[in-house]
file data08.cif (mmCIF, N, CA and C atoms and all ligand atoms)
data_coords
#
loop_
_atom_site.label_atom_id
_atom_site.label_comp_id
_atom_site.auth_asym_id
_atom_site.auth_seq_id
_atom_site.Cartn_x
_atom_site.Cartn_y
_atom_site.Cartn_z
N MET N 1 14.36 -12.65 6.85
CA MET N 1 13.57 -12.34 5.65
C MET N 1 12.28 -11.61 6.05
N GLN N 2 12.06 -10.46 5.45
CA GLN N 2 10.87 -9.68 5.78
C GLN N 2 9.84 -9.75 4.66
N ARG N 3 8.58 -9.50 5.05
CA ARG N 3 7.52 -9.31 4.07
C ARG N 3 6.88 -7.95 4.30
N SER N 4 6.36 -7.37 3.22
CA SER N 4 5.63 -6.11 3.35
C SER N 4 4.42 -6.12 2.44
N LEU N 5 3.34 -5.49 2.89
CA LEU N 5 2.13 -5.36 2.06
C LEU N 5 2.19 -4.06 1.27
N VAL N 6 1.91 -4.17 -0.01
CA VAL N 6 1.79 -2.99 -0.88
C VAL N 6 0.37 -2.97 -1.44
N LEU N 7 -0.26 -1.80 -1.45
CA LEU N 7 -1.51 -1.63 -2.17
C LEU N 7 -1.28 -0.62 -3.29
N ILE N 8 -1.70 -0.98 -4.49
CA ILE N 8 -1.75 0.00 -5.58
C ILE N 8 -3.14 0.62 -5.50
N LYS N 9 -3.19 1.89 -5.16
CA LYS N 9 -4.45 2.55 -4.79
C LYS N 9 -5.26 2.94 -6.04
N PRO N 10 -6.55 3.26 -5.83
CA PRO N 10 -7.42 3.55 -6.98
C PRO N 10 -6.87 4.60 -7.95
N ASP N 11 -6.28 5.66 -7.45
CA ASP N 11 -5.82 6.72 -8.37
C ASP N 11 -4.79 6.19 -9.35
N ALA N 12 -3.94 5.27 -8.90
CA ALA N 12 -2.88 4.72 -9.76
C ALA N 12 -3.45 3.70 -10.74
N LEU N 13 -4.33 2.85 -10.24
CA LEU N 13 -4.92 1.81 -11.10
C LEU N 13 -5.74 2.47 -12.20
N GLU N 14 -6.49 3.52 -11.85
CA GLU N 14 -7.34 4.21 -12.82
C GLU N 14 -6.51 4.87 -13.92
N ARG N 15 -5.29 5.26 -13.61
CA ARG N 15 -4.44 5.94 -14.61
C ARG N 15 -3.48 4.97 -15.31
N GLY N 16 -3.66 3.67 -15.10
CA GLY N 16 -2.85 2.70 -15.83
C GLY N 16 -1.41 2.63 -15.36
N LEU N 17 -1.21 2.83 -14.05
CA LEU N 17 0.15 2.87 -13.52
C LEU N 17 0.55 1.60 -12.78
N ALA N 18 -0.31 0.59 -12.79
CA ALA N 18 -0.02 -0.63 -12.01
C ALA N 18 1.30 -1.27 -12.45
N GLY N 19 1.46 -1.42 -13.76
CA GLY N 19 2.67 -2.07 -14.26
C GLY N 19 3.93 -1.31 -13.90
N ALA N 20 3.88 0.00 -14.05
CA ALA N 20 5.06 0.83 -13.73
C ALA N 20 5.42 0.71 -12.25
N ILE N 21 4.40 0.67 -11.40
CA ILE N 21 4.66 0.59 -9.96
C ILE N 21 5.24 -0.78 -9.59
N ILE N 22 4.65 -1.84 -10.13
CA ILE N 22 5.17 -3.18 -9.84
C ILE N 22 6.61 -3.29 -10.34
N SER N 23 6.87 -2.75 -11.51
CA SER N 23 8.21 -2.81 -12.08
C SER N 23 9.23 -2.11 -11.18
N ARG N 24 8.88 -0.93 -10.69
CA ARG N 24 9.81 -0.21 -9.78
C ARG N 24 10.07 -1.02 -8.51
N LEU N 25 9.02 -1.66 -8.00
CA LEU N 25 9.19 -2.44 -6.77
C LEU N 25 10.03 -3.69 -7.04
N GLU N 26 9.83 -4.31 -8.20
CA GLU N 26 10.64 -5.49 -8.53
C GLU N 26 12.11 -5.12 -8.71
N LYS N 27 12.35 -3.92 -9.21
CA LYS N 27 13.74 -3.48 -9.43
C LYS N 27 14.52 -3.33 -8.13
N THR N 28 13.83 -3.27 -6.98
CA THR N 28 14.54 -3.21 -5.70
C THR N 28 15.23 -4.54 -5.40
N GLY N 29 14.84 -5.59 -6.13
CA GLY N 29 15.39 -6.92 -5.86
C GLY N 29 14.50 -7.75 -4.95
N LEU N 30 13.47 -7.10 -4.39
CA LEU N 30 12.51 -7.85 -3.56
C LEU N 30 11.70 -8.78 -4.46
N LYS N 31 11.19 -9.84 -3.85
CA LYS N 31 10.47 -10.85 -4.63
C LYS N 31 8.97 -10.69 -4.43
N LEU N 32 8.24 -10.63 -5.53
CA LEU N 32 6.77 -10.60 -5.48
C LEU N 32 6.27 -12.00 -5.15
N VAL N 33 5.60 -12.16 -4.00
CA VAL N 33 5.19 -13.50 -3.58
C VAL N 33 3.67 -13.67 -3.48
N ALA N 34 2.91 -12.57 -3.65
CA ALA N 34 1.45 -12.67 -3.65
C ALA N 34 0.86 -11.45 -4.33
N ALA N 35 -0.28 -11.65 -5.01
CA ALA N 35 -0.94 -10.54 -5.71
C ALA N 35 -2.42 -10.84 -5.92
N LYS N 36 -3.26 -9.82 -5.72
CA LYS N 36 -4.67 -9.94 -6.09
C LYS N 36 -5.29 -8.57 -6.32
N MET N 37 -6.30 -8.56 -7.22
CA MET N 37 -7.07 -7.34 -7.44
C MET N 37 -8.37 -7.48 -6.67
N LEU N 38 -8.77 -6.43 -5.99
CA LEU N 38 -10.01 -6.49 -5.22
C LEU N 38 -10.61 -5.11 -5.02
N HIS N 39 -11.91 -5.09 -4.78
CA HIS N 39 -12.59 -3.83 -4.46
C HIS N 39 -12.89 -3.88 -2.98
N LEU N 40 -12.17 -3.12 -2.19
CA LEU N 40 -12.31 -3.16 -0.74
C LEU N 40 -13.71 -2.77 -0.30
N ASP N 41 -14.26 -3.50 0.68
CA ASP N 41 -15.49 -3.01 1.29
C ASP N 41 -15.11 -2.13 2.49
N LYS N 42 -16.12 -1.44 3.02
CA LYS N 42 -15.87 -0.47 4.07
C LYS N 42 -15.24 -1.13 5.31
N THR N 43 -15.70 -2.33 5.64
CA THR N 43 -15.20 -3.02 6.84
C THR N 43 -13.71 -3.31 6.75
N LEU N 44 -13.28 -3.85 5.61
CA LEU N 44 -11.86 -4.16 5.45
C LEU N 44 -11.03 -2.87 5.40
N ALA N 45 -11.56 -1.85 4.74
CA ALA N 45 -10.84 -0.57 4.67
C ALA N 45 -10.66 0.03 6.07
N GLN N 46 -11.71 -0.03 6.86
CA GLN N 46 -11.63 0.52 8.23
C GLN N 46 -10.66 -0.28 9.08
N ARG N 47 -10.61 -1.60 8.87
CA ARG N 47 -9.67 -2.42 9.63
C ARG N 47 -8.23 -2.12 9.20
N HIS N 48 -8.02 -2.03 7.89
CA HIS N 48 -6.67 -1.76 7.38
C HIS N 48 -6.14 -0.41 7.89
N TYR N 49 -7.03 0.58 7.96
CA TYR N 49 -6.61 1.92 8.38
C TYR N 49 -7.03 2.24 9.82
N ALA N 50 -7.27 1.21 10.63
CA ALA N 50 -7.78 1.40 12.00
C ALA N 50 -6.93 2.37 12.83
N VAL N 51 -5.62 2.36 12.60
CA VAL N 51 -4.72 3.23 13.37
C VAL N 51 -5.07 4.72 13.14
N HIS N 52 -5.75 5.02 12.06
CA HIS N 52 -6.09 6.42 11.73
C HIS N 52 -7.55 6.77 12.06
N LYS N 53 -8.23 5.91 12.84
CA LYS N 53 -9.68 6.09 12.98
C LYS N 53 -10.09 7.43 13.62
N ASP N 54 -9.20 8.03 14.40
CA ASP N 54 -9.55 9.31 15.02
C ASP N 54 -9.03 10.52 14.24
N LYS N 55 -8.41 10.28 13.11
CA LYS N 55 -7.85 11.39 12.31
C LYS N 55 -8.97 12.07 11.51
N PRO N 56 -8.80 13.36 11.27
CA PRO N 56 -9.85 14.09 10.52
C PRO N 56 -10.05 13.57 9.10
N PHE N 57 -9.01 12.93 8.53
CA PHE N 57 -9.12 12.47 7.15
C PHE N 57 -9.62 11.03 7.02
N PHE N 58 -9.95 10.39 8.17
CA PHE N 58 -10.27 8.95 8.14
C PHE N 58 -11.44 8.61 7.21
N GLU N 59 -12.53 9.34 7.35
CA GLU N 59 -13.73 9.03 6.56
C GLU N 59 -13.46 9.20 5.07
N SER N 60 -12.78 10.28 4.74
CA SER N 60 -12.43 10.55 3.35
C SER N 60 -11.50 9.46 2.81
N LEU N 61 -10.53 9.04 3.62
CA LEU N 61 -9.58 7.99 3.22
C LEU N 61 -10.30 6.67 2.95
N VAL N 62 -11.21 6.30 3.82
CA VAL N 62 -11.98 5.06 3.64
C VAL N 62 -12.84 5.17 2.38
N GLY N 63 -13.45 6.32 2.16
CA GLY N 63 -14.25 6.54 0.95
C GLY N 63 -13.41 6.40 -0.31
N TYR N 64 -12.23 6.94 -0.27
CA TYR N 64 -11.31 6.89 -1.42
C TYR N 64 -10.84 5.46 -1.70
N ILE N 65 -10.38 4.78 -0.68
CA ILE N 65 -9.78 3.45 -0.90
C ILE N 65 -10.84 2.41 -1.29
N THR N 66 -12.13 2.72 -1.00
CA THR N 66 -13.23 1.82 -1.40
C THR N 66 -13.92 2.30 -2.68
N SER N 67 -13.39 3.34 -3.32
CA SER N 67 -14.09 3.96 -4.46
C SER N 67 -13.93 3.17 -5.75
N ALA N 68 -12.92 2.36 -5.85
CA ALA N 68 -12.61 1.62 -7.08
C ALA N 68 -11.64 0.50 -6.72
N PRO N 69 -11.43 -0.45 -7.63
CA PRO N 69 -10.54 -1.58 -7.31
C PRO N 69 -9.10 -1.15 -7.01
N ILE N 70 -8.44 -2.01 -6.27
CA ILE N 70 -7.03 -1.84 -5.94
C ILE N 70 -6.30 -3.16 -6.25
N ILE N 71 -4.97 -3.12 -6.22
CA ILE N 71 -4.20 -4.37 -6.29
C ILE N 71 -3.40 -4.49 -5.00
N ALA N 72 -3.52 -5.64 -4.36
CA ALA N 72 -2.75 -5.93 -3.14
C ALA N 72 -1.60 -6.86 -3.51
N LEU N 73 -0.42 -6.54 -2.98
CA LEU N 73 0.79 -7.30 -3.30
C LEU N 73 1.55 -7.60 -2.01
N VAL N 74 2.26 -8.71 -2.00
CA VAL N 74 3.22 -8.96 -0.92
C VAL N 74 4.60 -9.10 -1.53
N PHE N 75 5.53 -8.33 -1.02
CA PHE N 75 6.93 -8.45 -1.42
C PHE N 75 7.73 -9.02 -0.26
N GLU N 76 8.74 -9.80 -0.62
CA GLU N 76 9.54 -10.48 0.39
C GLU N 76 11.02 -10.25 0.12
N GLY N 77 11.79 -10.10 1.18
CA GLY N 77 13.24 -9.96 1.02
C GLY N 77 13.84 -9.20 2.18
N ASP N 78 15.16 -9.10 2.13
CA ASP N 78 15.90 -8.42 3.17
C ASP N 78 15.47 -6.95 3.25
N LYS N 79 15.12 -6.47 4.45
CA LYS N 79 14.72 -5.08 4.66
C LYS N 79 13.56 -4.66 3.75
N ALA N 80 12.61 -5.55 3.53
CA ALA N 80 11.50 -5.27 2.60
C ALA N 80 10.73 -4.01 3.00
N VAL N 81 10.45 -3.86 4.29
CA VAL N 81 9.64 -2.72 4.74
C VAL N 81 10.33 -1.41 4.40
N GLU N 82 11.57 -1.30 4.80
CA GLU N 82 12.35 -0.08 4.61
C GLU N 82 12.57 0.23 3.12
N LEU N 83 12.90 -0.80 2.38
CA LEU N 83 13.18 -0.65 0.95
C LEU N 83 11.95 -0.16 0.20
N ILE N 84 10.81 -0.70 0.55
CA ILE N 84 9.57 -0.29 -0.12
C ILE N 84 9.19 1.13 0.26
N ARG N 85 9.32 1.47 1.55
CA ARG N 85 9.00 2.85 1.97
C ARG N 85 9.90 3.85 1.24
N LYS N 86 11.15 3.49 1.06
CA LYS N 86 12.09 4.36 0.37
C LYS N 86 11.72 4.51 -1.12
N THR N 87 11.34 3.42 -1.72
CA THR N 87 10.96 3.44 -3.14
C THR N 87 9.66 4.22 -3.35
N MET N 88 8.76 4.17 -2.35
CA MET N 88 7.49 4.91 -2.43
C MET N 88 7.68 6.40 -2.25
N GLY N 89 8.54 6.79 -1.34
CA GLY N 89 8.65 8.19 -0.94
C GLY N 89 7.65 8.53 0.16
N PRO N 90 7.77 9.77 0.71
CA PRO N 90 6.93 10.16 1.84
C PRO N 90 5.44 10.29 1.45
N THR N 91 4.60 10.33 2.49
CA THR N 91 3.14 10.33 2.30
C THR N 91 2.66 11.42 1.34
N ASP N 92 3.21 12.63 1.49
CA ASP N 92 2.76 13.77 0.68
C ASP N 92 3.59 13.85 -0.61
N PRO N 93 2.98 13.58 -1.76
CA PRO N 93 3.74 13.59 -3.02
C PRO N 93 4.47 14.91 -3.29
N SER N 94 3.93 16.01 -2.78
CA SER N 94 4.60 17.30 -3.02
C SER N 94 5.92 17.40 -2.26
N LYS N 95 6.11 16.50 -1.28
CA LYS N 95 7.37 16.48 -0.53
C LYS N 95 8.27 15.32 -0.96
N ALA N 96 7.79 14.54 -1.93
CA ALA N 96 8.53 13.34 -2.37
C ALA N 96 9.47 13.68 -3.52
N GLU N 97 10.64 13.11 -3.49
CA GLU N 97 11.62 13.36 -4.55
C GLU N 97 11.20 12.71 -5.86
N ALA N 98 11.63 13.33 -6.96
CA ALA N 98 11.48 12.71 -8.27
C ALA N 98 12.20 11.38 -8.25
N GLY N 99 11.64 10.40 -8.92
CA GLY N 99 12.25 9.07 -8.89
C GLY N 99 11.58 8.14 -7.90
N THR N 100 10.85 8.72 -6.92
CA THR N 100 10.06 7.88 -6.03
C THR N 100 8.68 7.69 -6.66
N ILE N 101 7.99 6.64 -6.24
CA ILE N 101 6.66 6.35 -6.82
C ILE N 101 5.70 7.50 -6.53
N ARG N 102 5.68 7.95 -5.29
CA ARG N 102 4.75 9.04 -4.95
C ARG N 102 5.19 10.36 -5.58
N GLY N 103 6.47 10.58 -5.65
CA GLY N 103 6.99 11.82 -6.27
C GLY N 103 6.62 11.89 -7.74
N ASP N 104 6.65 10.77 -8.42
CA ASP N 104 6.37 10.76 -9.86
C ASP N 104 4.88 10.59 -10.18
N PHE N 105 4.16 9.84 -9.34
CA PHE N 105 2.78 9.47 -9.70
C PHE N 105 1.71 10.02 -8.76
N GLY N 106 2.04 10.32 -7.52
CA GLY N 106 1.04 10.73 -6.54
C GLY N 106 0.38 12.05 -6.93
N LEU N 107 -0.92 12.19 -6.61
CA LEU N 107 -1.66 13.40 -6.99
C LEU N 107 -1.70 14.40 -5.84
N ASP N 108 -1.97 13.90 -4.64
CA ASP N 108 -2.00 14.75 -3.44
C ASP N 108 -1.84 13.85 -2.22
N ILE N 109 -1.88 14.44 -1.04
CA ILE N 109 -1.56 13.68 0.18
C ILE N 109 -2.49 12.49 0.40
N GLU N 110 -3.72 12.57 -0.08
CA GLU N 110 -4.62 11.42 0.04
C GLU N 110 -4.44 10.45 -1.13
N HIS N 111 -4.46 11.00 -2.34
CA HIS N 111 -4.39 10.17 -3.55
C HIS N 111 -2.92 10.00 -3.93
N ASN N 112 -2.23 9.20 -3.12
CA ASN N 112 -0.77 9.11 -3.26
C ASN N 112 -0.30 7.76 -3.82
N SER N 113 -1.19 7.10 -4.56
CA SER N 113 -0.86 5.98 -5.46
C SER N 113 -0.53 4.63 -4.83
N VAL N 114 0.12 4.64 -3.67
CA VAL N 114 0.53 3.36 -3.07
C VAL N 114 0.46 3.38 -1.54
N HIS N 115 0.27 2.19 -1.00
CA HIS N 115 0.44 1.94 0.43
C HIS N 115 1.60 0.98 0.61
N GLY N 116 2.39 1.16 1.66
CA GLY N 116 3.40 0.18 2.04
C GLY N 116 3.44 0.10 3.56
N SER N 117 3.56 -1.10 4.08
CA SER N 117 3.59 -1.30 5.54
C SER N 117 4.69 -0.45 6.16
N ASP N 118 4.46 0.01 7.40
CA ASP N 118 5.45 0.90 8.03
C ASP N 118 6.34 0.20 9.06
N SER N 119 6.10 -1.08 9.34
CA SER N 119 6.98 -1.86 10.23
C SER N 119 6.73 -3.34 9.97
N THR N 120 7.62 -4.17 10.50
CA THR N 120 7.41 -5.61 10.29
C THR N 120 6.17 -6.09 11.03
N GLU N 121 5.88 -5.46 12.18
CA GLU N 121 4.69 -5.86 12.95
C GLU N 121 3.41 -5.53 12.18
N THR N 122 3.33 -4.29 11.67
CA THR N 122 2.11 -3.94 10.92
C THR N 122 2.04 -4.72 9.62
N ALA N 123 3.19 -5.02 9.03
CA ALA N 123 3.20 -5.82 7.80
C ALA N 123 2.52 -7.17 8.04
N THR N 124 2.89 -7.84 9.14
CA THR N 124 2.29 -9.14 9.45
C THR N 124 0.78 -9.03 9.60
N GLU N 125 0.32 -8.01 10.33
CA GLU N 125 -1.13 -7.81 10.52
C GLU N 125 -1.82 -7.49 9.20
N GLU N 126 -1.21 -6.59 8.43
CA GLU N 126 -1.84 -6.15 7.17
C GLU N 126 -1.90 -7.30 6.17
N ILE N 127 -0.84 -8.08 6.06
CA ILE N 127 -0.82 -9.20 5.10
C ILE N 127 -1.91 -10.19 5.47
N ARG N 128 -2.11 -10.41 6.76
CA ARG N 128 -3.14 -11.34 7.21
C ARG N 128 -4.55 -10.88 6.84
N LEU N 129 -4.75 -9.56 6.77
CA LEU N 129 -6.06 -9.02 6.37
C LEU N 129 -6.39 -9.32 4.91
N PHE N 130 -5.35 -9.38 4.08
CA PHE N 130 -5.57 -9.47 2.63
C PHE N 130 -5.33 -10.85 2.04
N PHE N 131 -4.50 -11.66 2.69
CA PHE N 131 -4.09 -12.95 2.11
C PHE N 131 -4.11 -14.05 3.17
N ASN N 132 -4.45 -15.27 2.72
CA ASN N 132 -4.18 -16.42 3.59
C ASN N 132 -2.87 -17.06 3.15
N GLU N 133 -2.31 -17.91 3.97
CA GLU N 133 -0.96 -18.45 3.71
C GLU N 133 -0.88 -19.16 2.36
N ALA N 134 -1.97 -19.82 1.96
CA ALA N 134 -1.96 -20.56 0.69
C ALA N 134 -1.83 -19.63 -0.51
N GLU N 135 -2.14 -18.35 -0.32
CA GLU N 135 -2.06 -17.39 -1.43
C GLU N 135 -0.69 -16.71 -1.52
N ILE N 136 0.19 -17.05 -0.60
CA ILE N 136 1.53 -16.47 -0.59
C ILE N 136 2.52 -17.55 -1.01
N PHE N 137 3.31 -17.25 -2.03
CA PHE N 137 4.15 -18.28 -2.66
C PHE N 137 5.62 -18.17 -2.21
N ALA N 138 6.25 -19.32 -2.19
CA ALA N 138 7.65 -19.36 -1.73
C ALA N 138 8.58 -18.89 -2.85
P1 LIG N 201 1.58 6.36 4.77
O1 LIG N 201 0.63 5.80 3.72
O2 LIG N 201 2.73 7.09 4.15
O3 LIG N 201 2.02 5.32 5.77
P2 LIG N 201 -0.20 7.37 6.82
O4 LIG N 201 0.10 8.52 7.72
O5 LIG N 201 -0.17 6.00 7.40
O6 LIG N 201 0.77 7.49 5.55
O7 LIG N 201 -1.63 7.64 6.20
C1 LIG N 201 -2.34 6.64 5.53
C2 LIG N 201 -2.94 7.22 4.28
O8 LIG N 201 -3.90 8.21 4.64
C3 LIG N 201 -1.97 7.98 3.37
O9 LIG N 201 -1.23 7.14 2.51
C4 LIG N 201 -2.91 8.89 2.61
O10 LIG N 201 -3.61 8.20 1.57
C5 LIG N 201 -3.91 9.26 3.70
N1 LIG N 201 -3.53 10.51 4.39
C6 LIG N 201 -2.50 10.69 5.27
N2 LIG N 201 -2.46 11.94 5.74
C7 LIG N 201 -3.52 12.58 5.16
C8 LIG N 201 -4.00 13.93 5.24
O11 LIG N 201 -3.48 14.78 5.95
N3 LIG N 201 -5.11 14.21 4.48
C9 LIG N 201 -5.73 13.28 3.68
N4 LIG N 201 -5.29 12.01 3.58
C10 LIG N 201 -4.19 11.67 4.30
MG MG N 202 0.91 4.27 7.16
#
call {"tool": "encode", "arguments": {"input": "data08.cif", "output": "structure tokens", "more": "lines below"}}
Ligand code: IDP
Ligand code: MG
result
Amino acid sequence: MQRSLVLIKPDALERGLAGAIISRLEKTGLKLVAAKMLHLDKTLAQRHYAVHKDKPFFESLVGYITSAPIIALVFEGDKAVELIRKTMGPTDPSKAEAGTIRGDFGLDIEHNSVHGSDSTETATEEIRLFFNEAEIFA
């Protein structure tokens, strides 16, 4: 059984797309086991995106993800990481197929509506940043 962290990013929340995104993710058959709305501070944003700290877009990305509230979710189920990445589509919405979350809702490569963990290892680390065990339901 796998878990994956999903973030509904500011661009999606601001446009009233949270429900549509959660609905698409639930339709995969994965189980929603944790959820919270929060406004990330710079420290947590930098930790969450630490792997990108040397990228040219890092500062802009941290500014964006801390610009307004987000919703953090944990989904659980068989192949959760892969299934969520597939449902989201690739990073750049202009390269994402219609029917994927990013293809339908993403604005550009930065404002791409959702985050999903890219491996089971990063999922474990990312979930730990946002939730304690008591906040994750069976
Ligand atoms: P992912 O979200 O599909 O895993 P990553 O490469 O891990 O993509 O990048 C993390 C986030 O950084 C992306 O979701 C997007 O918001 C932002 N990002 C990625 N590449 C660029 C870029 O070239 N310019 C601006 N922002 C980017
Ligand atoms: Mg990534």
call {"tool": "closest_residue", "arguments": {"input": "data08.cif", "among": "N:Leu129, N:Ala20, N:Ile65, N:Val51", "to": "ligand MG 202 (chain N)", "atoms": "only C-alpha atoms and all ligand atoms"}}
result
N:Val51
call {"tool": "residues_near_ligand", "arguments": {"input": "data08.cif", "ligand": "ligand MG 202 (chain N)", "cutoff": "7 Å", "atoms": "only N, CA and C atoms and all ligand atoms", "output": "compact mmCIF listing (two decimals) with N, CA and C atoms, in the frame of the given file"}}
result
# COMPACT_ATOMS: atom_id res chain seq x y z
N GLY N 116 2.39 1.16 1.66
CA GLY N 116 3.40 0.18 2.04
C GLY N 116 3.44 0.10 3.56
N SER N 117 3.56 -1.10 4.08
CA SER N 117 3.59 -1.30 5.54
C SER N 117 4.69 -0.45 6.16
N ASP N 118 4.46 0.01 7.40
CA ASP N 118 5.45 0.90 8.03
C ASP N 118 6.34 0.20 9.06
call {"tool": "closest_residue", "arguments": {"input": "data08.cif", "among": "N:Ile70, N:Arg102, N:Lys53, N:Val114", "to": "Leu38 in chain N", "atoms": "only N, CA and C atoms"}}
result
N:Ile70
call {"tool": "residues_near_ligand", "arguments": {"input": "data08.cif", "ligand": "ligand LIG 201 (chain N)", "cutoff": "6 Å", "atoms": "only N, CA and C atoms and all ligand atoms", "output": "VMD selection string"}}
result
chain N and resid 57 61 90 to 91 109 to 112 114 to 116
call {"tool": "atom_distance", "arguments": {"input": "data08.cif", "atom1": "atom C of Ser113 in chain N", "atom2": "CA of Lys9 in chain N"}}
result
4.4 Å
call {"tool": "closest_residue", "arguments": {"input": "data08.cif", "among": "N:Ser23, N:Pro10, N:Val74, N:Asp104", "to": "Val62 in chain N", "atoms": "only C-alpha atoms"}}
result
N:Pro10
call {"tool": "closest_residue", "arguments": {"input": "data08.cif", "among": "N:Lys79, N:Arg85, N:Lys27, N:Lys42", "to": "Tyr64 in chain N", "atoms": "only C-alpha atoms"}}
result
N:Lys42
